[in-house]
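So this block is target07.txt, compact mmCIF, C-alpha atoms:
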```txt
# COMPACT_ATOMS: atom_id res chain seq x y z
CA ALA A 1 84.37 17.20 33.30
CA ALA A 2 86.10 14.02 34.40
CA GLY A 3 89.09 14.81 32.22
CA ARG A 4 89.32 18.34 33.64
CA LEU A 5 89.11 17.02 37.20
CA LEU A 6 91.90 14.51 36.52
CA SER A 7 94.09 17.26 34.99
CA ASP A 8 93.52 19.62 37.92
CA ILE A 9 94.37 16.94 40.48
CA THR A 10 97.51 15.88 38.62
CA GLN A 11 98.79 19.45 38.19
CA LEU A 12 98.09 20.38 41.80
CA VAL A 13 99.91 17.37 43.19
CA LYS A 14 102.80 17.77 40.73
CA TYR A 15 103.81 21.13 42.16
CA ARG A 16 103.49 20.14 45.81
CA SER A 17 106.67 18.29 46.69
CA SER A 18 105.40 17.41 50.17
CA SER A 19 101.95 16.19 49.05
CA GLU A 20 100.65 12.67 48.54
CA LEU A 21 97.24 11.22 47.64
CA ASN A 22 95.31 9.19 50.10
CA ALA A 23 93.21 6.19 49.11
CA ALA A 24 90.14 8.33 48.37
CA GLY A 25 92.17 10.65 46.12
CA LEU A 26 93.70 7.75 44.23
CA GLU A 27 90.25 6.24 43.77
CA MET A 28 88.95 9.54 42.34
CA LYS A 29 91.93 9.68 39.97
CA ALA A 30 91.32 6.10 38.84
CA GLN A 31 87.61 6.77 38.24
CA ALA A 32 88.39 9.87 36.19
CA SER A 33 90.92 7.91 34.09
CA ALA A 34 88.40 5.15 33.53
CA GLY A 35 85.87 7.72 32.27
CA VAL A 36 88.09 9.38 29.64
CA GLY A 37 90.31 6.40 28.85
CA PRO A 38 88.10 4.83 26.12
CA ARG A 39 87.82 8.20 24.37
CA ASP A 40 91.57 8.80 24.45
CA ARG A 41 92.34 5.29 23.22
CA PHE A 42 89.89 5.75 20.35
CA LEU A 43 91.45 9.08 19.32
CA LYS A 44 94.93 7.55 19.34
CA SER A 45 93.85 4.54 17.24
CA ARG A 46 93.64 4.34 13.43
CA GLU A 47 89.84 4.40 13.43
CA PRO A 48 89.31 8.22 13.17
CA ALA A 49 91.65 8.51 10.18
CA ALA A 50 89.88 5.58 8.49
CA ILE A 51 86.48 7.25 9.01
CA ARG A 52 87.71 10.55 7.55
CA ALA A 53 89.15 8.73 4.53
CA GLN A 54 85.85 6.92 3.93
CA VAL A 55 83.93 10.24 4.12
CA VAL A 56 86.22 11.81 1.48
CA ARG A 57 85.88 8.77 -0.81
CA ALA A 58 82.11 8.76 -0.43
CA LYS A 59 81.86 12.47 -1.34
CA ARG A 60 83.98 11.99 -4.46
CA LEU A 61 81.87 9.00 -5.52
CA SER A 62 78.62 10.93 -5.02
CA PHE A 63 80.02 13.70 -7.27
CA TRP A 64 80.84 11.08 -9.94
CA ARG A 65 77.31 9.63 -9.72
CA ARG A 66 75.75 13.10 -9.74
CA ALA A 67 77.31 13.65 -13.19
CA GLY A 68 75.49 10.53 -14.44
CA LEU A 69 78.70 8.64 -15.23
CA PRO A 70 78.67 4.83 -15.37
CA PRO A 71 80.23 2.81 -12.53
CA ALA A 72 83.94 3.53 -12.39
CA ALA A 73 86.43 0.72 -12.91
CA ASP A 74 88.81 2.10 -10.28
CA GLU A 75 89.02 4.76 -7.63
CA GLU A 76 91.68 6.78 -9.51
CA SER A 77 89.15 7.68 -12.24
CA VAL A 78 86.79 9.10 -9.60
CA ASN A 79 89.67 11.02 -7.98
CA ALA A 80 90.79 12.39 -11.37
CA PHE A 81 87.24 13.59 -12.14
CA ASP A 82 87.06 15.27 -8.73
CA ARG A 83 90.40 17.04 -9.26
CA LEU A 84 89.66 18.29 -12.78
CA THR A 85 86.16 19.50 -11.96
CA ASP A 86 87.69 21.46 -9.07
CA ARG A 87 90.03 23.13 -11.58
CA LEU A 88 87.03 23.81 -13.86
CA ILE A 89 84.98 25.34 -11.03
CA GLU A 90 87.93 27.62 -10.18
CA ARG A 91 87.55 29.14 -13.68
CA LYS A 92 83.96 30.20 -12.78
CA PRO A 93 82.31 29.44 -16.14
CA THR A 94 79.16 31.46 -16.75
CA SER A 95 77.68 29.54 -19.69
CA ASP A 96 77.57 26.08 -21.22
CA ALA A 97 80.10 27.16 -23.84
CA ALA A 98 82.44 28.38 -21.10
CA VAL A 99 82.06 25.03 -19.31
CA VAL A 100 83.09 23.10 -22.43
CA ALA A 101 85.96 25.48 -23.27
CA GLY A 102 87.24 25.39 -19.71
CA TRP A 103 87.05 21.59 -19.63
CA VAL A 104 89.14 21.33 -22.81
CA THR A 105 91.76 23.64 -21.29
CA VAL A 106 91.84 21.69 -18.01
CA LEU A 107 92.29 18.40 -19.87
CA ALA A 108 95.22 19.87 -21.80
CA GLU A 109 96.85 21.06 -18.58
CA HIS A 110 96.48 17.67 -16.84
CA PRO A 111 97.11 14.95 -19.44
CA ALA A 112 97.59 12.15 -16.89
CA ASP A 113 94.13 12.68 -15.38
CA ALA A 114 92.62 13.34 -18.82
CA ALA A 115 93.66 9.85 -19.96
CA ARG A 116 91.35 8.38 -17.31
CA LEU A 117 88.33 10.50 -18.31
CA THR A 118 87.90 9.75 -22.03
CA ASP A 119 84.22 8.85 -21.48
CA VAL A 120 83.26 12.21 -19.94
CA THR A 121 81.01 14.22 -22.28
CA PRO A 122 79.59 17.77 -22.09
CA ASP A 123 76.29 16.31 -20.86
CA HIS A 124 78.06 14.93 -17.80
CA LEU A 125 79.57 18.35 -17.10
CA PHE A 126 76.21 20.09 -17.56
CA ALA A 127 74.69 17.62 -15.07
CA VAL A 128 77.28 18.72 -12.52
CA PHE A 129 76.73 22.46 -13.08
CA HIS A 130 72.93 22.38 -13.56
CA ARG A 131 71.70 19.57 -11.33
CA PRO A 132 70.54 20.47 -7.79
CA ALA A 133 72.82 19.17 -5.07
CA ASP A 134 69.94 17.30 -3.36
CA ALA A 135 68.76 15.49 -6.53
CA GLU A 136 68.26 11.74 -6.25
CA LEU A 137 71.34 9.79 -7.33
CA PRO A 138 71.11 6.58 -9.38
CA ASP A 139 71.99 3.27 -7.83
CA SER A 140 75.47 2.05 -8.64
CA ASP A 141 77.50 -1.04 -7.88
CA VAL A 142 81.11 -0.01 -7.30
CA ALA A 143 83.12 -3.02 -6.30
CA TRP A 144 86.18 -1.13 -5.14
CA LEU A 145 84.15 0.79 -2.52
CA ALA A 146 82.76 -2.38 -0.91
CA GLU A 147 85.42 -2.46 1.78
CA PRO A 148 85.11 -2.66 5.56
CA SER A 149 84.76 0.80 7.01
CA ALA A 150 86.84 -0.05 10.06
CA LEU A 151 90.46 -1.08 10.12
CA PRO A 152 91.63 -4.26 11.86
CA PRO A 153 91.48 -3.74 15.61
CA ASP A 154 94.54 -2.25 17.21
CA ASP A 155 96.47 -4.07 19.84
CA PRO A 156 94.76 -3.77 23.24
CA PRO A 157 96.05 -0.59 24.85
CA GLU A 158 98.05 -0.86 27.95
CA VAL A 159 96.30 0.52 30.99
CA PRO A 160 98.72 2.40 33.27
CA ALA A 161 99.10 0.82 36.64
CA ASP A 162 98.12 4.01 38.44
CA ASP A 163 94.79 4.13 36.50
CA ALA A 164 93.59 0.82 37.95
CA PRO A 165 90.97 1.06 40.73
CA LEU A 166 92.43 0.78 44.21
CA ALA A 167 90.91 -0.64 47.32
CA PRO A 168 89.82 1.89 49.94
CA ASP A 169 92.43 0.61 52.37
CA ALA A 170 95.32 0.68 49.88
CA PRO A 171 98.46 2.43 51.16
CA ARG A 172 99.08 5.99 50.05
CA GLN A 173 101.64 6.48 47.27
CA PRO A 174 104.28 9.21 47.47
CA VAL A 175 104.29 11.88 44.76
CA SER A 176 107.55 12.57 42.85
CA PRO A 177 109.30 15.82 43.91
CA GLY A 178 108.39 18.72 41.66
CA MET A 179 108.18 22.44 41.70
CA ARG A 180 107.43 23.83 45.15
CA GLN A 181 105.32 26.56 43.61
CA THR A 182 101.62 25.68 43.59
CA LEU A 183 99.29 26.27 40.67
CA ALA A 184 97.83 29.22 42.48
CA GLU A 185 101.27 30.81 42.56
CA GLN A 186 101.89 30.37 38.84
CA PRO A 187 101.43 33.71 37.02
CA PRO A 188 98.84 33.84 34.18
CA THR A 189 100.19 33.60 30.65
CA GLU A 190 99.57 37.28 29.84
CA VAL A 191 101.51 38.24 33.00
CA TRP A 192 104.29 35.72 32.32
CA LEU A 193 104.97 37.36 28.96
CA LEU A 194 105.76 40.63 30.73
CA THR A 195 108.07 39.13 33.37
CA ALA A 196 111.78 38.33 33.17
CA ARG A 197 111.12 34.60 33.47
CA GLY A 198 111.52 32.13 30.61
CA VAL A 199 113.64 34.31 28.33
CA PRO A 200 114.76 31.36 26.10
CA GLU A 201 111.15 30.25 25.69
CA LYS A 202 110.09 33.79 24.79
CA LEU A 203 112.88 34.07 22.20
CA ALA A 204 111.83 30.77 20.69
CA LEU A 205 108.24 32.04 20.54
CA VAL A 206 109.33 35.24 18.78
CA VAL A 207 111.39 33.27 16.24
CA ALA A 208 108.47 30.91 15.55
CA VAL A 209 106.04 33.80 15.02
CA ALA A 210 108.52 35.58 12.72
CA ALA A 211 109.03 32.39 10.70
CA CYS A 212 105.26 31.97 10.29
CA LEU A 213 104.93 35.58 9.11
CA VAL A 214 107.75 35.12 6.57
CA VAL A 215 106.19 31.92 5.22
CA ALA A 216 102.80 33.62 4.93
CA LEU A 217 104.34 36.62 3.18
CA VAL A 218 106.23 34.44 0.69
CA ALA A 219 103.09 32.43 -0.04
CA THR A 220 101.07 35.62 -0.58
CA LEU A 221 103.68 37.07 -2.94
CA ARG A 222 103.89 33.78 -4.86
CA GLU A 223 100.11 33.65 -5.20
CA ALA A 224 100.01 37.25 -6.43
CA ALA A 225 102.79 36.57 -8.97
CA ASP A 226 100.99 33.46 -10.27
CA ALA A 227 97.75 35.42 -10.61
CA ALA A 228 99.53 38.20 -12.52
CA ARG A 229 101.13 35.71 -14.94
CA SER A 230 97.79 33.98 -15.50
CA ALA A 231 96.14 37.34 -16.23
CA ALA A 232 98.97 38.24 -18.64
CA TYR A 233 98.50 34.96 -20.52
CA GLU A 234 94.75 35.52 -20.82
CA ARG A 235 95.46 38.99 -22.29
CA VAL A 236 97.75 37.41 -24.90
CA ARG A 237 94.96 35.03 -25.91
CA ALA A 238 92.38 37.81 -26.05
CA VAL A 239 94.39 40.25 -28.16
CA ALA A 240 95.70 37.50 -30.46
CA ALA A 241 92.10 36.65 -31.35
CA GLY A 242 91.46 40.33 -32.17
CA GLY A 243 94.37 40.64 -34.59
CA ASP A 244 95.79 43.88 -33.16
CA ARG A 245 99.53 43.42 -33.80
CA ALA A 246 100.67 46.23 -31.50
CA ALA A 247 98.48 44.90 -28.68
CA VAL A 248 99.85 41.38 -29.19
CA HIS A 249 103.44 42.64 -28.98
CA ALA A 250 102.67 44.51 -25.75
CA ALA A 251 100.78 41.56 -24.21
CA VAL A 252 103.56 39.08 -25.05
CA ALA A 253 106.20 41.41 -23.58
CA ASP A 254 104.14 41.73 -20.40
CA PHE A 255 103.76 37.94 -20.16
CA ARG A 256 107.50 37.35 -20.69
CA ARG A 257 108.50 39.64 -17.83
CA ARG A 258 106.27 37.82 -15.32
CA PRO A 259 108.00 35.05 -13.29
CA PRO A 260 106.80 31.55 -14.24
CA THR A 261 104.57 29.50 -11.96
CA THR A 262 105.72 26.34 -10.19
CA ASP A 263 103.66 24.03 -12.43
CA PRO A 264 105.83 22.87 -15.40
CA ALA A 265 102.87 21.44 -17.31
CA VAL A 266 100.93 24.71 -17.13
CA GLU A 267 103.99 26.71 -18.19
CA ALA A 268 104.68 24.40 -21.15
CA ALA A 269 101.11 24.84 -22.42
CA ARG A 270 101.30 28.63 -21.98
CA ASP A 271 104.68 28.90 -23.74
CA ALA A 272 103.26 26.97 -26.69
CA GLY A 273 100.24 29.28 -26.90
CA VAL A 274 102.39 32.42 -26.70
CA ALA A 275 104.75 31.05 -29.38
CA LEU A 276 101.78 30.54 -31.73
CA ALA A 277 100.59 34.09 -31.09
CA GLU A 278 104.10 35.45 -31.75
CA ALA A 279 104.40 33.46 -34.97
CA ALA A 280 101.03 34.72 -36.20
CA VAL A 281 101.82 38.35 -35.45
CA ALA A 282 105.31 38.04 -36.98
CA GLU A 283 103.80 36.77 -40.22
CA ALA A 284 101.28 39.62 -40.09
CA ASP A 285 104.16 42.10 -39.64
CA ARG A 286 105.99 40.69 -42.67
CA ARG A 287 102.82 40.82 -44.73
CA ALA A 288 102.28 44.44 -43.70
CA ASP A 289 105.85 45.34 -44.75
CA ARG A 290 105.30 43.80 -48.18
CA ASP A 291 101.96 45.63 -48.52
CA ASP A 292 103.70 48.90 -47.68
CA ALA A 293 106.37 48.28 -50.36
CA VAL A 294 103.66 47.63 -52.98
CA ARG A 295 101.81 50.82 -52.03
CA ARG A 296 105.01 52.89 -52.31
CA PHE A 297 105.76 51.35 -55.73
CA GLU A 298 102.31 52.18 -57.06
CA ALA A 299 102.48 55.72 -55.64
CA SER A 300 105.95 56.43 -57.15
CA ARG A 301 105.48 54.72 -60.51
CA GLY A 302 105.54 57.22 -63.37
CA ARG A 303 106.64 60.08 -61.10
CA ASP A 304 109.81 58.96 -59.29
CA SER A 305 111.52 56.01 -61.02
CA ARG A 306 114.21 55.64 -58.37
CA ALA A 307 111.67 55.50 -55.50
CA ALA A 308 109.51 53.02 -57.47
CA VAL A 309 112.43 50.69 -58.28
CA SER A 310 113.69 50.92 -54.65
CA ALA A 311 110.24 49.93 -53.34
CA ALA A 312 110.08 47.01 -55.81
CA VAL A 313 113.54 45.74 -54.74
CA GLU A 314 112.45 45.92 -51.06
CA PHE A 315 109.28 43.94 -51.87
CA PHE A 316 111.25 41.20 -53.68
CA ARG A 317 113.68 40.87 -50.75
CA LEU A 318 110.80 40.52 -48.27
CA ALA A 319 108.92 38.07 -50.50
CA GLN A 320 112.03 35.92 -50.91
CA ALA A 321 112.56 35.80 -47.11
CA ALA A 322 108.90 34.82 -46.59
CA GLY A 323 109.09 32.00 -49.13
CA GLY A 324 107.08 33.76 -51.81
CA ASP A 325 104.18 36.14 -52.44
CA PRO A 326 101.40 35.74 -55.05
CA ARG A 327 101.96 39.32 -56.26
CA THR A 328 105.59 38.71 -57.25
CA ALA A 329 105.04 38.00 -60.98
CA LYS A 330 102.67 40.93 -61.57
CA LEU A 331 104.85 43.40 -59.68
CA GLY A 332 107.95 42.09 -61.48
CA MET A 333 106.53 42.94 -64.90
CA ALA A 334 105.58 46.48 -63.81
CA ALA A 335 108.93 47.05 -62.08
CA ARG A 336 110.95 45.88 -65.11
CA ALA A 337 109.00 48.24 -67.36
CA THR A 338 109.66 51.15 -65.00
CA ALA A 339 113.37 50.23 -64.78
CA ALA A 340 113.70 49.99 -68.57
CA ASP A 341 112.19 53.44 -69.10
CA TRP A 342 114.48 54.85 -66.42
CA ALA A 343 117.65 53.16 -67.80
CA PHE A 344 117.19 54.72 -71.24
CA ALA A 345 116.15 58.12 -70.01
CA VAL A 346 118.17 61.03 -71.43
CA ASN A 347 117.25 63.98 -69.24
CA PRO A 348 118.38 63.30 -66.66
CA ALA A 349 120.45 60.20 -67.43
CA PRO A 350 120.71 57.59 -64.64
CA SER A 351 123.84 57.70 -62.51
CA PRO A 352 126.10 54.67 -61.86
CA ASP A 353 124.28 54.13 -58.52
CA ASP A 354 120.96 54.20 -60.36
CA LEU A 355 122.20 51.59 -62.84
CA ALA A 356 123.39 49.41 -59.93
CA LEU A 357 119.87 49.58 -58.43
CA ILE A 358 118.36 48.59 -61.79
CA ARG A 359 120.72 45.57 -62.00
CA THR A 360 119.63 44.54 -58.49
CA LEU A 361 116.02 44.69 -59.60
CA TYR A 362 116.70 42.41 -62.57
CA GLU A 363 118.47 39.94 -60.25
CA PHE A 364 115.26 39.61 -58.25
CA ALA A 365 112.88 39.86 -61.20
CA PRO A 366 114.68 38.66 -64.36
CA ALA A 367 112.91 39.02 -67.67
CA ASN A 368 111.25 35.84 -68.99
```

Full structure transcribed into structure tokens:
Amino acid sequence: AAGRLLSDITQLVKYRSSSELNAAGLEMKAQASAGVGPRDRFLKSREPAAIRAQVVRAKRLSFWRRAGLPPAADEESVNAFDRLTDRLIERKPTSDAAVVAGWVTVLAEHPADAARLTDVTPDHLFAVFHRPADAELPDSDVAWLAEPSALPPDDPPEVPADDAPLAPDAPRQPVSPGMRQTLAEQPPTEVWLLTARGVPEKLALVVAVAACLVVALVATLREAADAARSAAYERVRAVAAGGDRAAVHAAVADFRRRPPTTDPAVEAARDAGVALAEAAVAEADRRADRDDAVRRFEASRGRDSRAAVSAAVEFFRLAQAAGGDPRTAKLGMAARATAADWAFAVNPAPSPDDLALIRTLYEFAPAN
């Protein structure tokens, strides 16, 4: 109330160019300043920020102790545990297995913090996720928290000369010239917006609002894009575990077309995981092609020598590109026998192209 009274008096006098305070008015102003002065000086000092910092540090330490961890050697370990458990909670694990799996993933994504938390075990994580928030915490002696809660005192604030109490008989002080319009004549804000006054200020207000809307829109779109890329990566992991090659190809293509997030460490880990999935499905594709060549050889053998030898040559090419296949020797013997029967056939006799195909077969599978 004292602060409001002081503000009203100051504003009223400011806009009356012919007004001045008498001794009683100055005394009221000084009393109001004396009432709110200590509060204002406290808010402008470093003490509130120090109190907020101590509250944050105390909450992080209580979380560390709630997990049942031993006294920390430094504050950075406590901060790292707080950060990584936040990332784990964001994953919303629904079981103990999900807690452990999520913790392993979070450690991989934040190696710097993980290096400080080598002593954290699944039991500590279960204590965090299972223990009631109001459970009794163990005593702990943390040397780095034993610091004064208050900062060194600030320099004594300067008290404005016009805030000092005045004697009743002190001479009246003139008020600086200001706007002749009184507060009562000032239009309300909602009316001022509809008038022709203050056009530059209104333009600046419109620009500021538009800038805020653009920033909010960009942030929303960025968040949506990051969420879509994260979902695409999780689909790659899910279908890769199922072994469906077509689904893996589709999931990888969807992941690749999503814009990357702004976290290089997260993107590096995801690229490595997608590369492993691609390598696994590529090997499965090559294996399936070789299996198909073997099936076509077996189906054509004894009925269509050209188709059988062609399938065998395709198999040997694929096996050579893959670095080998355990079926090579057995298939080579059967293919050479088929090629020999075909080469010496009389009706019909093999054409020059057929003989060239047989020579290609023997280049891949020479006789022992």

ask   = When you draw a straight line from atom CA of A:Pro71 to atom CA of A:Ala50, how long is it in Å?
value = 23.3 Å

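Picture a line from atom CA of A:Arg52 to atom CA of A:Leu125; it runs 27.1 Å.
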
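Using only C-alpha atoms, every residue with an atom at most 12 Å from the point (88.0, 9.5, -22.6) is listed here: Leu69, Ser77, Ala80, Phe81, Val104, Leu107, Pro111, Ala112, Asp113, Ala114, Ala115, Arg116, Leu117, Thr118, Asp119, Val120, Thr121 and Pro122 of chain A.
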
Listed atoms of stretch 39-46 of chain A boxed along x, y and z, 5 Å each side, centre and edge lengths in Å, one decimal, as JSON:
```
{"center_x": 91.4, "center_y": 6.7, "center_z": 18.9, "size_x": 17.1, "size_y": 14.7, "size_z": 21.0}
```

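Coordinates place atom CA of A:Ala30 at a distance of 19.9 Å from atom CA of A:Lys44.
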
For stretch 224-241 of chain A: contacts at 10 Å, all atoms listed in the file, fewer than 2 positions along chain excluded, given as a PyMOL selection string = chain A and resi 218-222+243-262+266-267+270-271+273-274+276-278+280-281

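Take the candidates A:Arg60, A:Arg317, A:Arg91, A:Arg301 and check each one against A:Ala334 using all atoms listed in the file; the shortest distance goes to A:Arg301.
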
ask   = Got a sec: who's within 12 Å of A:Lys330, counting only C-alpha atoms, leaving out chain neighbours fewer than 3 positions off, as a ChimeraX atom specification?
value = /A:294,312,316,325-327,333-337,365

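Residues within 12 Å of A:Asp123, counting all atoms listed in the file and excluding same-chain residues fewer than 6 positions away, are Arg66, Ala67, Gly68, Leu69, Asp96, Ala97, Val99, Val100, Phe129, His130 and Arg131 of chain A.
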